[in-house]
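Shown below: input_11.pdb, with PDB, C-alpha atoms.
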ATOM      1  CA  MET A   1     -54.058 -75.818 -18.735
ATOM      2  CA  PRO A   2     -56.443 -78.124 -20.679
ATOM      3  CA  ASP A   3     -60.080 -77.391 -19.876
ATOM      4  CA  GLY A   4     -62.467 -80.053 -18.579
ATOM      5  CA  PRO A   5     -64.927 -80.862 -15.773
ATOM      6  CA  THR A   6     -62.211 -81.186 -13.124
ATOM      7  CA  VAL A   7     -60.553 -77.907 -14.048
ATOM      8  CA  ARG A   8     -63.880 -76.063 -14.149
ATOM      9  CA  ARG A   9     -64.890 -77.518 -10.787
ATOM     10  CA  ARG A  10     -61.631 -76.386  -9.220
ATOM     11  CA  ARG A  11     -61.991 -72.900 -10.665
ATOM     12  CA  ARG A  12     -65.509 -72.628  -9.321
ATOM     13  CA  THR A  13     -64.480 -73.835  -5.874
ATOM     14  CA  ALA A  14     -61.519 -71.444  -5.764
ATOM     15  CA  ALA A  15     -63.693 -68.505  -6.810
ATOM     16  CA  ALA A  16     -66.212 -69.355  -4.082
ATOM     17  CA  ARG A  17     -63.515 -69.561  -1.405
ATOM     18  CA  LEU A  18     -61.754 -66.345  -2.371
ATOM     19  CA  PRO A  19     -64.096 -63.998  -0.431
ATOM     20  CA  LEU A  20     -63.550 -66.142   2.687
ATOM     21  CA  ALA A  21     -59.796 -65.683   2.406
ATOM     22  CA  VAL A  22     -60.074 -61.945   1.832
ATOM     23  CA  ALA A  23     -62.466 -61.543   4.775
ATOM     24  CA  ARG A  24     -59.972 -63.079   7.223
ATOM     25  CA  ALA A  25     -56.683 -61.766   5.802
ATOM     26  CA  ASP A  26     -54.546 -59.269   7.724
ATOM     27  CA  ALA A  27     -52.337 -58.710   4.660
ATOM     28  CA  ILE A  28     -51.996 -60.097   1.165
ATOM     29  CA  LEU A  29     -48.680 -60.912  -0.489
ATOM     30  CA  ALA A  30     -48.364 -60.647  -4.263
ATOM     31  CA  ALA A  31     -45.539 -61.385  -6.685
ATOM     32  CA  GLY A  32     -45.350 -58.710  -9.328
ATOM     33  CA  PRO A  33     -47.640 -56.043 -10.810
ATOM     34  CA  ALA A  34     -50.048 -58.501 -12.469
ATOM     35  CA  GLN A  35     -50.803 -60.208  -9.163
ATOM     36  CA  MET A  36     -51.063 -56.843  -7.390
ATOM     37  CA  GLU A  37     -53.667 -55.703  -9.913
ATOM     38  CA  TRP A  38     -55.522 -59.032  -9.720
ATOM     39  CA  TRP A  39     -55.812 -58.819  -5.943
ATOM     40  CA  SER A  40     -56.768 -55.138  -6.032
ATOM     41  CA  ASP A  41     -59.791 -56.048  -8.118
ATOM     42  CA  ARG A  42     -60.861 -58.718  -5.617
ATOM     43  CA  LEU A  43     -60.478 -57.107  -2.210
ATOM     44  CA  GLY A  44     -64.238 -56.750  -1.872
ATOM     45  CA  GLY A  45     -64.269 -53.351  -0.218
ATOM     46  CA  ARG A  46     -61.562 -54.070   2.370
ATOM     47  CA  PHE A  47     -59.966 -50.647   2.031
ATOM     48  CA  GLY A  48     -56.687 -50.325   3.893
ATOM     49  CA  LEU A  49     -55.861 -54.033   3.784
ATOM     50  CA  PRO A  50     -52.099 -54.150   3.118
ATOM     51  CA  LEU A  51     -51.280 -55.507  -0.343
ATOM     52  CA  LEU A  52     -47.551 -56.174  -0.285
ATOM     53  CA  PRO A  53     -45.161 -56.885  -3.170
ATOM     54  CA  VAL A  54     -43.214 -59.869  -1.826
ATOM     55  CA  PRO A  55     -42.125 -62.181  -4.640
ATOM     56  CA  PHE A  56     -40.054 -65.309  -4.151
ATOM     57  CA  GLY A  57     -36.448 -64.744  -3.053
ATOM     58  CA  ILE A  58     -33.075 -66.482  -2.948
ATOM     59  CA  PRO A  59     -30.553 -67.190  -0.172
ATOM     60  CA  GLU A  60     -28.086 -64.481   0.779
ATOM     61  CA  ARG A  61     -25.153 -66.817   0.346
ATOM     62  CA  SER A  62     -24.026 -67.787  -3.120
ATOM     63  CA  PRO A  63     -24.185 -71.512  -3.871
ATOM     64  CA  PRO A  64     -21.101 -73.662  -3.275
ATOM     65  CA  ALA A  65     -18.975 -74.097  -6.381
ATOM     66  CA  ASP A  66     -19.001 -77.907  -6.451
ATOM     67  CA  ARG A  67     -21.133 -79.802  -8.948
ATOM     68  CA  THR A  68     -22.081 -83.351  -9.812
ATOM     69  CA  ASP A  69     -21.980 -85.438 -12.947
ATOM     70  CA  ILE A  70     -25.408 -86.353 -14.268
ATOM     71  CA  PRO A  71     -25.653 -90.035 -15.233
ATOM     72  CA  GLY A  72     -26.140 -90.365 -18.978
ATOM     73  CA  VAL A  73     -24.728 -86.944 -19.888
ATOM     74  CA  PRO A  74     -21.348 -87.045 -21.685
ATOM     75  CA  PRO A  75     -18.716 -85.073 -19.762
ATOM     76  CA  ASP A  76     -18.079 -82.694 -22.659
ATOM     77  CA  TRP A  77     -21.771 -82.010 -23.429
ATOM     78  CA  ALA A  78     -23.624 -78.923 -22.245
ATOM     79  CA  VAL A  79     -26.745 -79.345 -20.094
ATOM     80  CA  VAL A  80     -30.063 -77.584 -20.650
ATOM     81  CA  LEU A  81     -31.896 -78.242 -17.397
ATOM     82  CA  TRP A  82     -35.664 -78.472 -17.144
ATOM     83  CA  TRP A  83     -35.844 -77.676 -13.443
ATOM     84  CA  GLY A  84     -38.910 -78.934 -11.625
ATOM     85  CA  GLY A  85     -42.089 -80.749 -12.524
ATOM     86  CA  VAL A  86     -44.019 -80.918 -15.778
ATOM     87  CA  TRP A  87     -47.440 -79.466 -15.046
ATOM     88  CA  PRO A  88     -50.197 -79.142 -17.675
ATOM     89  CA  TRP A  89     -49.625 -75.390 -18.048
ATOM     90  CA  LEU A  90     -45.893 -75.856 -18.674
ATOM     91  CA  ASP A  91     -44.418 -76.671 -22.070
ATOM     92  CA  LEU A  92     -41.647 -79.238 -22.110
ATOM     93  CA  ASP A  93     -42.746 -80.264 -25.600
ATOM     94  CA  THR A  94     -41.477 -77.011 -27.121
ATOM     95  CA  LEU A  95     -38.079 -77.548 -25.502
ATOM     96  CA  LEU A  96     -37.892 -81.063 -26.922
ATOM     97  CA  GLY A  97     -38.907 -79.710 -30.320
ATOM     98  CA  ALA A  98     -36.122 -77.153 -30.085
ATOM     99  CA  ARG A  99     -33.597 -79.860 -29.199
ATOM    100  CA  ALA A 100     -34.671 -81.838 -32.260
ATOM    101  CA  LEU A 101     -33.764 -78.824 -34.413
ATOM    102  CA  LEU A 102     -30.174 -78.927 -33.101
ATOM    103  CA  PRO A 103     -29.158 -82.476 -34.061
ATOM    104  CA  GLU A 104     -25.417 -81.798 -34.227
ATOM    105  CA  ARG A 105     -25.172 -79.950 -30.943
ATOM    106  CA  GLY A 106     -23.459 -81.644 -28.001
ATOM    107  CA  VAL A 107     -26.160 -80.758 -25.513
ATOM    108  CA  SER A 108     -28.345 -82.847 -23.216
ATOM    109  CA  VAL A 109     -31.796 -81.744 -22.140
ATOM    110  CA  VAL A 110     -32.039 -83.048 -18.566
ATOM    111  CA  VAL A 111     -35.542 -83.586 -17.162
ATOM    112  CA  PRO A 112     -36.262 -84.651 -13.543
ATOM    113  CA  THR A 113     -38.440 -87.775 -13.425
ATOM    114  CA  ALA A 114     -37.956 -88.877  -9.804
ATOM    115  CA  ARG A 115     -40.850 -89.358  -7.408
ATOM    116  CA  ARG A 116     -41.419 -86.316  -5.243
ATOM    117  CA  PRO A 117     -41.160 -86.973  -1.488
ATOM    118  CA  GLY A 118     -44.672 -87.038  -0.120
ATOM    119  CA  GLY A 119     -46.221 -86.923  -3.573
ATOM    120  CA  ASP A 120     -48.318 -89.501  -5.368
ATOM    121  CA  GLY A 121     -45.743 -89.885  -8.109
ATOM    122  CA  PRO A 122     -43.598 -87.974 -10.556
ATOM    123  CA  ASP A 123     -45.125 -85.244 -12.691
ATOM    124  CA  LEU A 124     -43.506 -86.928 -15.674
ATOM    125  CA  GLY A 125     -42.067 -90.417 -15.342
ATOM    126  CA  THR A 126     -39.174 -91.874 -17.293
ATOM    127  CA  SER A 127     -41.483 -93.856 -19.581
ATOM    128  CA  GLU A 128     -43.580 -90.757 -20.371
ATOM    129  CA  LEU A 129     -40.417 -88.796 -21.129
ATOM    130  CA  ALA A 130     -39.207 -91.591 -23.407
ATOM    131  CA  ALA A 131     -42.505 -91.493 -25.299
ATOM    132  CA  ALA A 132     -42.221 -87.733 -25.753
ATOM    133  CA  CYS A 133     -38.668 -88.174 -27.046
ATOM    134  CA  ARG A 134     -39.808 -90.749 -29.590
ATOM    135  CA  ARG A 135     -42.329 -88.250 -30.943
ATOM    136  CA  HIS A 136     -39.479 -85.854 -31.602
ATOM    137  CA  ARG A 137     -37.051 -88.583 -32.740
ATOM    138  CA  LEU A 138     -34.716 -87.823 -29.859
ATOM    139  CA  ARG A 139     -32.605 -90.395 -28.093
ATOM    140  CA  PRO A 140     -30.090 -90.448 -25.231
ATOM    141  CA  PRO A 141     -27.962 -88.502 -24.561
ATOM    142  CA  GLN A 142     -29.890 -85.781 -26.414
ATOM    143  CA  VAL A 143     -32.458 -86.058 -23.615
ATOM    144  CA  VAL A 144     -31.549 -87.562 -20.237
ATOM    145  CA  PRO A 145     -33.908 -88.273 -17.307
ATOM    146  CA  LEU A 146     -32.735 -87.190 -13.870
ATOM    147  CA  GLU A 147     -34.003 -90.263 -12.079
ATOM    148  CA  HIS A 148     -32.934 -89.507  -8.505
ATOM    149  CA  TRP A 149     -34.544 -86.918  -6.267
ATOM    150  CA  VAL A 150     -32.287 -83.939  -5.575
ATOM    151  CA  PRO A 151     -32.648 -82.669  -1.981
ATOM    152  CA  TYR A 152     -33.153 -78.927  -1.739
ATOM    153  CA  ALA A 153     -29.850 -78.409   0.069
ATOM    154  CA  GLU A 154     -28.015 -80.188  -2.755
ATOM    155  CA  ARG A 155     -29.702 -78.509  -5.715
ATOM    156  CA  HIS A 156     -26.583 -76.476  -6.481
ATOM    157  CA  LEU A 157     -24.787 -79.675  -7.526
ATOM    158  CA  VAL A 158     -27.101 -80.023 -10.524
ATOM    159  CA  LEU A 159     -27.568 -76.317 -11.202
ATOM    160  CA  ASN A 160     -23.805 -75.799 -11.401
ATOM    161  CA  ARG A 161     -23.608 -78.454 -14.118
ATOM    162  CA  ALA A 162     -26.158 -76.627 -16.278
ATOM    163  CA  ALA A 163     -25.409 -74.166 -19.063
ATOM    164  CA  VAL A 164     -29.069 -73.122 -19.337
ATOM    165  CA  VAL A 165     -32.150 -73.529 -17.152
ATOM    166  CA  ALA A 166     -35.367 -73.729 -19.193
ATOM    167  CA  ALA A 167     -38.833 -72.845 -17.878
ATOM    168  CA  LEU A 168     -41.301 -72.743 -20.756
ATOM    169  CA  HIS A 169     -45.067 -72.434 -20.448
ATOM    170  CA  ARG A 170     -48.227 -72.421 -22.516
ATOM    171  CA  PRO A 171     -50.183 -69.194 -23.021
ATOM    172  CA  GLY A 172     -53.098 -68.468 -20.699
ATOM    173  CA  THR A 173     -54.195 -66.772 -17.489
ATOM    174  CA  GLU A 174     -51.703 -68.759 -15.435
ATOM    175  CA  ALA A 175     -48.864 -67.394 -17.566
ATOM    176  CA  VAL A 176     -50.029 -63.796 -17.111
ATOM    177  CA  LEU A 177     -50.176 -64.100 -13.308
ATOM    178  CA  SER A 178     -47.251 -66.471 -12.917
ATOM    179  CA  PHE A 179     -44.049 -65.957 -11.014
ATOM    180  CA  ARG A 180     -41.676 -68.764 -12.016
ATOM    181  CA  THR A 181     -40.005 -69.572  -8.721
ATOM    182  CA  ARG A 182     -37.987 -72.354 -10.374
ATOM    183  CA  ALA A 183     -36.231 -69.662 -12.400
ATOM    184  CA  LEU A 184     -34.909 -68.018  -9.232
ATOM    185  CA  ASP A 185     -32.776 -71.065  -8.528
ATOM    186  CA  ALA A 186     -31.047 -70.202 -11.796
ATOM    187  CA  LEU A 187     -30.624 -66.613 -10.614
ATOM    188  CA  TRP A 188     -29.108 -67.897  -7.368
ATOM    189  CA  ALA A 189     -26.709 -70.219  -9.204
ATOM    190  CA  GLY A 190     -25.991 -67.749 -12.015
ATOM    191  CA  VAL A 191     -27.280 -69.980 -14.834
ATOM    192  CA  PRO A 192     -28.699 -68.291 -17.982
ATOM    193  CA  LEU A 193     -32.434 -68.730 -18.461
ATOM    194  CA  LEU A 194     -34.627 -69.734 -21.383
ATOM    195  CA  LEU A 195     -38.165 -68.490 -20.679
ATOM    196  CA  THR A 196     -41.485 -68.047 -22.442
ATOM    197  CA  GLU A 197     -43.065 -64.623 -22.794
ATOM    198  CA  GLY A 198     -45.557 -63.852 -20.029
ATOM    199  CA  GLY A 199     -45.236 -63.458 -16.280
ATOM    200  CA  GLU A 200     -43.103 -61.246 -14.086
ATOM    201  CA  VAL A 201     -39.938 -63.351 -14.191
ATOM    202  CA  ALA A 202     -39.852 -63.325 -17.999
ATOM    203  CA  ARG A 203     -40.297 -59.544 -18.045
ATOM    204  CA  THR A 204     -37.519 -59.099 -15.504
ATOM    205  CA  ALA A 205     -35.209 -61.541 -17.269
ATOM    206  CA  ARG A 206     -35.610 -59.704 -20.563
ATOM    207  CA  ALA A 207     -35.001 -56.313 -18.949
ATOM    208  CA  ARG A 208     -32.016 -57.475 -16.886
ATOM    209  CA  GLY A 209     -30.328 -59.685 -19.462
ATOM    210  CA  TRP A 210     -30.716 -62.964 -17.550
ATOM    211  CA  GLY A 211     -31.111 -65.037 -20.701
ATOM    212  CA  ALA A 212     -33.568 -65.348 -23.586
ATOM    213  CA  VAL A 213     -37.353 -64.907 -23.735
ATOM    214  CA  VAL A 214     -39.194 -66.579 -26.615
ATOM    215  CA  PRO A 215     -42.797 -66.675 -27.891
ATOM    216  CA  PRO A 216     -44.970 -69.555 -26.624
ATOM    217  CA  ALA A 217     -45.066 -72.855 -28.517
ATOM    218  CA  ASP A 218     -42.283 -71.824 -30.914
ATOM    219  CA  PRO A 219     -39.596 -74.543 -31.132
ATOM    220  CA  ARG A 220     -37.666 -72.672 -33.825
ATOM    221  CA  ALA A 221     -37.394 -69.555 -31.681
ATOM    222  CA  ALA A 222     -36.369 -71.684 -28.691
ATOM    223  CA  ALA A 223     -33.731 -73.486 -30.778
ATOM    224  CA  ALA A 224     -32.317 -70.200 -32.047
ATOM    225  CA  ALA A 225     -32.214 -68.861 -28.491
ATOM    226  CA  LEU A 226     -30.402 -71.960 -27.262
ATOM    227  CA  GLU A 227     -27.804 -71.594 -30.014
ATOM    228  CA  VAL A 228     -27.061 -68.111 -28.722
ATOM    229  CA  LEU A 229     -27.224 -68.927 -25.011
ATOM    230  CA  LEU A 230     -24.825 -71.853 -25.336
ATOM    231  CA  GLY A 231     -22.185 -69.613 -26.897
ATOM    232  CA  GLU A 232     -19.286 -68.357 -24.817
ATOM    233  CA  ARG A 233     -20.127 -64.668 -25.178
ATOM    234  CA  ALA A 234     -23.754 -65.108 -24.140
ATOM    235  CA  GLN A 235     -22.735 -67.272 -21.201
ATOM    236  CA  GLU A 236     -20.368 -64.603 -19.927
ATOM    237  CA  ARG A 237     -22.848 -61.782 -20.511
ATOM    238  CA  CYS A 238     -25.810 -63.504 -18.882
ATOM    239  CA  ARG A 239     -23.854 -64.819 -15.915
ATOM    240  CA  ALA A 240     -22.501 -61.329 -15.236
ATOM    241  CA  ALA A 241     -26.030 -59.879 -15.383
ATOM    242  CA  LEU A 242     -27.343 -62.569 -13.033
ATOM    243  CA  ALA A 243     -24.514 -61.926 -10.559
ATOM    244  CA  ALA A 244     -25.247 -58.199 -10.612
ATOM    245  CA  SER A 245     -28.961 -58.792  -9.966
ATOM    246  CA  ARG A 246     -28.558 -61.354  -7.215
ATOM    247  CA  PRO A 247     -28.238 -59.021  -4.165
ATOM    248  CA  ALA A 248     -31.601 -57.368  -4.884
ATOM    249  CA  TRP A 249     -33.386 -60.722  -4.857
ATOM    250  CA  THR A 250     -32.263 -62.101  -1.515
ATOM    251  CA  TRP A 251     -34.943 -62.962   1.029
ATOM    252  CA  PRO A 252     -33.967 -60.220   3.540
ATOM    253  CA  LYS A 253     -34.221 -57.608   0.795
ATOM    254  CA  LEU A 254     -37.516 -58.813  -0.685
ATOM    255  CA  ALA A 255     -39.177 -59.433   2.672
ATOM    256  CA  GLU A 256     -38.651 -55.829   3.844
ATOM    257  CA  PRO A 257     -42.244 -54.715   3.068
ATOM    258  CA  LEU A 258     -43.603 -57.606   5.133
ATOM    259  CA  VAL A 259     -41.161 -57.057   7.997
ATOM    260  CA  GLN A 260     -42.111 -53.384   8.167
ATOM    261  CA  VAL A 261     -45.849 -54.008   8.278
ATOM    262  CA  LEU A 262     -45.870 -56.969  10.683
ATOM    263  CA  PRO A 263     -45.758 -54.881  13.909
ATOM    264  CA  THR A 264     -48.880 -53.018  12.795
ATOM    265  CA  LEU A 265     -51.056 -56.053  12.032
ATOM    266  CA  PRO A 266     -53.970 -56.340  12.375
ATOM    267  CA  VAL A 267     -54.870 -52.689  11.957
ATOM    268  CA  VAL A 268     -57.764 -53.291   9.565
ATOM    269  CA  ARG A 269     -60.911 -54.615  11.169
ATOM    270  CA  ARG A 270     -61.696 -58.094   9.959
ATOM    271  CA  ARG A 271     -65.016 -58.555   8.275
ATOM    272  CA  SER A 272     -67.506 -61.113   9.495
ATOM    273  CA  LEU A 273     -67.317 -64.424   7.710
ATOM    274  CA  ILE A 274     -71.099 -64.794   7.596
ATOM    275  CA  GLY A 275     -71.648 -62.902   4.373
ATOM    276  CA  ALA A 276     -68.658 -64.447   2.649
ATOM    277  CA  ALA A 277     -69.649 -67.943   3.788
ATOM    278  CA  MET A 278     -73.199 -67.508   2.525
ATOM    279  CA  GLY A 279     -71.905 -66.236  -0.789
ATOM    280  CA  ALA A 280     -69.556 -69.193  -1.109
ATOM    281  CA  ALA A 281     -72.353 -71.633  -0.326
ATOM    282  CA  ARG A 282     -74.630 -70.048  -2.921
ATOM    283  CA  ALA A 283     -71.884 -70.232  -5.554
ATOM    284  CA  LEU A 284     -71.142 -73.885  -4.823
ATOM    285  CA  LEU A 285     -74.764 -75.007  -4.551
ATOM    286  CA  ALA A 286     -76.121 -73.039  -7.497
ATOM    287  CA  PRO A 287     -78.073 -75.134 -10.008
ATOM    288  CA  GLY A 288     -76.069 -76.458 -12.910
ATOM    289  CA  ARG A 289     -73.572 -79.099 -13.777
ATOM    290  CA  TRP A 290     -69.837 -78.959 -13.051
ATOM    291  CA  GLU A 291     -69.297 -79.511 -16.757
ATOM    292  CA  GLU A 292     -70.902 -76.204 -17.694
ATOM    293  CA  THR A 293     -68.586 -73.584 -19.096
ATOM    294  CA  PRO A 294     -67.940 -70.948 -16.417
TER
END
Would you write out, as structure tokens, the structure that this file holds?
Amino acid sequence: MPDGPTVRRRRRTAAARLPLAVARADAILAAGPAQMEWWSDRLGGRFGLPLLPVPFGIPERSPPADRTDIPGVPPDWAVVLWWGGVWPWLDLDTLLGARALLPERGVSVVVPTARRPGGDGPDLGTSELAAACRRHRLRPPQVVPLEHWVPYAERHLVLNRAAVVAALHRPGTEAVLSFRTRALDALWAGVPLLLTEGGEVARTARARGWGAVVPPADPRAAAAALEVLLGERAQERCRAALAASRPAWTWPKLAEPLVQVLPTLPVVRRRSLIGAAMGAARALLAPGRWEETP
């Protein structure tokens, strides 16, 4: 994520609040080994506080088989779906660069641009997407905005139209600790994944054969991976691997550690908030400007 005064201020505030959260927690949920290690280093002496591996899960039921046409996508073109928002730490630009390297391919990169319910606006509007496409000399239907909001209960209609779901990110701390929940919709729907190296989902996808994992900010590697993933053999192989993995990632299965520990909570005595609150106040009120490098 690009650095700046706002980002540094948020980091400082989050770091100051962390001891308050740990002091009052009865258990901590973490998604993957990297998050488990991160939390272990920050428990502040609360020995015995349950640290539970509970990553994001998927529904027990497979998605319905029906799908929808996406306006602007030719019926005989494949869809590479950018599923979700475009946050600063994510990397849509590399996907667009990869699409530009496949000029003869009948494939549409579909990017949601609709306003999020309850949000201030879209993460990336249609005009911003158009500007990004011009930089890469892409035009419809090579890239198509998904301009209507897809309700959660209807997400399978779009996922079932996709040949690949892409979730690319920039390198950084966020990538190391990340757990790409958007990718689990692809697991649920059985759609091959294109991911960037870094984070638990990418490691699992590579090990389980869910799709392709490429280096960060490498359009050529992403283009080569798409060429493979869009082929019939890779589609069959990846979809079979996703189907085999699906039962282990359902919510009832993944929530077992939490379900087992719930009857025993709280068994660890909660620490007083006084010390943590004073520490947070000192961190927030310490001399210095927000713009200083942390």
> CA of Ala205 (chain A) and CA of Ala189 (chain A) are how many Å apart?
Replying inline: 14.6 Å
For the interface of region 175-285 of chain A with region 36-56 of chain A (cut-off 12 Å, counting only C-alpha atoms), please tabulate each contacting residue of region 175-285 of chain A alongside its nearest pair of atoms and their separation in Å to one decimal, rows sorted by chain and increasing number, as a tab-separated table.
residue	atom	partner	partner_atom	distance
A:Val176	CA	A:Trp38	CA	10.4
A:Leu177	CA	A:Trp38	CA	8.2
A:Ser178	CA	A:Pro55	CA	10.6
A:Phe179	CA	A:Pro55	CA	7.7
A:Arg180	CA	A:Phe56	CA	8.7
A:Thr181	CA	A:Phe56	CA	6.2
A:Arg182	CA	A:Phe56	CA	9.6
A:Ala183	CA	A:Phe56	CA	10.1
A:Leu184	CA	A:Phe56	CA	7.7
A:Asp185	CA	A:Phe56	CA	10.3
A:Leu187	CA	A:Phe56	CA	11.5
A:Trp188	CA	A:Phe56	CA	11.7
A:Glu200	CA	A:Pro55	CA	9.5
A:Val201	CA	A:Pro55	CA	9.9
A:Ala248	CA	A:Pro55	CA	11.6
A:Trp249	CA	A:Phe56	CA	8.1
A:Thr250	CA	A:Phe56	CA	8.8
A:Trp251	CA	A:Phe56	CA	7.6
A:Pro252	CA	A:Val54	CA	10.7
A:Lys253	CA	A:Val54	CA	9.6
A:Leu254	CA	A:Val54	CA	5.9
A:Ala255	CA	A:Val54	CA	6.1
A:Glu256	CA	A:Val54	CA	8.3
A:Pro257	CA	A:Leu52	CA	6.4
A:Leu258	CA	A:Leu52	CA	6.9
A:Val259	CA	A:Val54	CA	10.4
A:Gln260	CA	A:Leu52	CA	10.4
A:Val261	CA	A:Pro50	CA	8.1
A:Leu262	CA	A:Pro50	CA	10.2
A:Thr264	CA	A:Pro50	CA	10.3
A:Leu265	CA	A:Pro50	CA	9.2
A:Pro266	CA	A:Leu49	CA	9.1
A:Val267	CA	A:Leu49	CA	8.3
A:Val268	CA	A:Leu49	CA	6.1
A:Arg269	CA	A:Arg46	CA	8.8
A:Arg270	CA	A:Arg46	CA	8.6
A:Arg271	CA	A:Arg46	CA	8.2
A:Ser272	CA	A:Arg46	CA	11.6
A:Gly275	CA	A:Gly44	CA	11.5
A:Ala276	CA	A:Gly44	CA	10.0
Neighbouring residues of region 151-164 of chain A were defined as those with any atom within 7 Å, considering all atoms listed in the file; residues of the same chain fewer than 6 positions away were excluded. Please report them as a PDB file with C-alpha atoms, in the coordinates of the input.
ATOM      1  CA  PRO A  63     -24.185 -71.512  -3.871  1.00  0.00           C
ATOM      2  CA  PRO A  64     -21.101 -73.662  -3.275  1.00  0.00           C
ATOM      3  CA  ASP A  66     -19.001 -77.907  -6.451  1.00  0.00           C
ATOM      4  CA  ARG A  67     -21.133 -79.802  -8.948  1.00  0.00           C
ATOM      5  CA  THR A  68     -22.081 -83.351  -9.812  1.00  0.00           C
ATOM      6  CA  ALA A  78     -23.624 -78.923 -22.245  1.00  0.00           C
ATOM      7  CA  VAL A  79     -26.745 -79.345 -20.094  1.00  0.00           C
ATOM      8  CA  VAL A  80     -30.063 -77.584 -20.650  1.00  0.00           C
ATOM      9  CA  LEU A  81     -31.896 -78.242 -17.397  1.00  0.00           C
ATOM     10  CA  ALA A 189     -26.709 -70.219  -9.204  1.00  0.00           C
ATOM     11  CA  VAL A 191     -27.280 -69.980 -14.834  1.00  0.00           C
ATOM     12  CA  PRO A 192     -28.699 -68.291 -17.982  1.00  0.00           C
ATOM     13  CA  LEU A 193     -32.434 -68.730 -18.461  1.00  0.00           C
ATOM     14  CA  LEU A 194     -34.627 -69.734 -21.383  1.00  0.00           C
ATOM     15  CA  LEU A 230     -24.825 -71.853 -25.336  1.00  0.00           C
TER      16      LEU A 230
END
> List as a list of chain:residue names: which residues have an atom within 6 Å of (-42.2, -82.4, -14.0), counting only C-alpha atoms?
Replying inline: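 Returned residue set, sorted by chain then number, is A:Gly84, A:Gly85, A:Val86, A:Asp123, A:Leu124.
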>> One decimal, in Å: what's the spacing between CA of Glu232 (chain A) and CA of Ala98 (chain A)?
In response: 19.7 Å
>> With all atoms listed in the file as the counted atoms, please give the residues lying no more than 12 Å from Leu146 (chain A), apart from itself and same-chain residues fewer than 4 positions off, as JSON, numbers by chain.
In response: {"A": [69, 70, 71, 72, 73, 79, 81, 82, 83, 84, 85, 108, 109, 110, 111, 112, 113, 114, 115, 122, 124, 125, 126, 129, 141, 150, 158]}
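Separating CA of Leu195 (chain A) from CA of Ala167 (chain A) is a distance of 5.2 Å.
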> Which one is closest to Arg139 (chain A): A:Ala100, A:Arg12, A:Val165, A:Asp218? Count only C-alpha atoms.
Replying inline: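 Ranking A:Ala100, A:Arg12, A:Val165, A:Asp218 by distance to Arg139 (chain A), first place goes to A:Ala100.
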>> Just checking: using all atoms listed in the file, which residue out of A:Gln142, A:Ala23, A:Ala186, A:Ala207 ends up closest to Gly57 (chain A)?
In response: A:Ala186
>> Running the PyMOL selection byres ((chain A and resi 171) around 10) on this model by hand, what would come out? Give it as a ChimeraX atom specification.
In response: /A:1,89-91,168-170,172-176,196-198,215-217
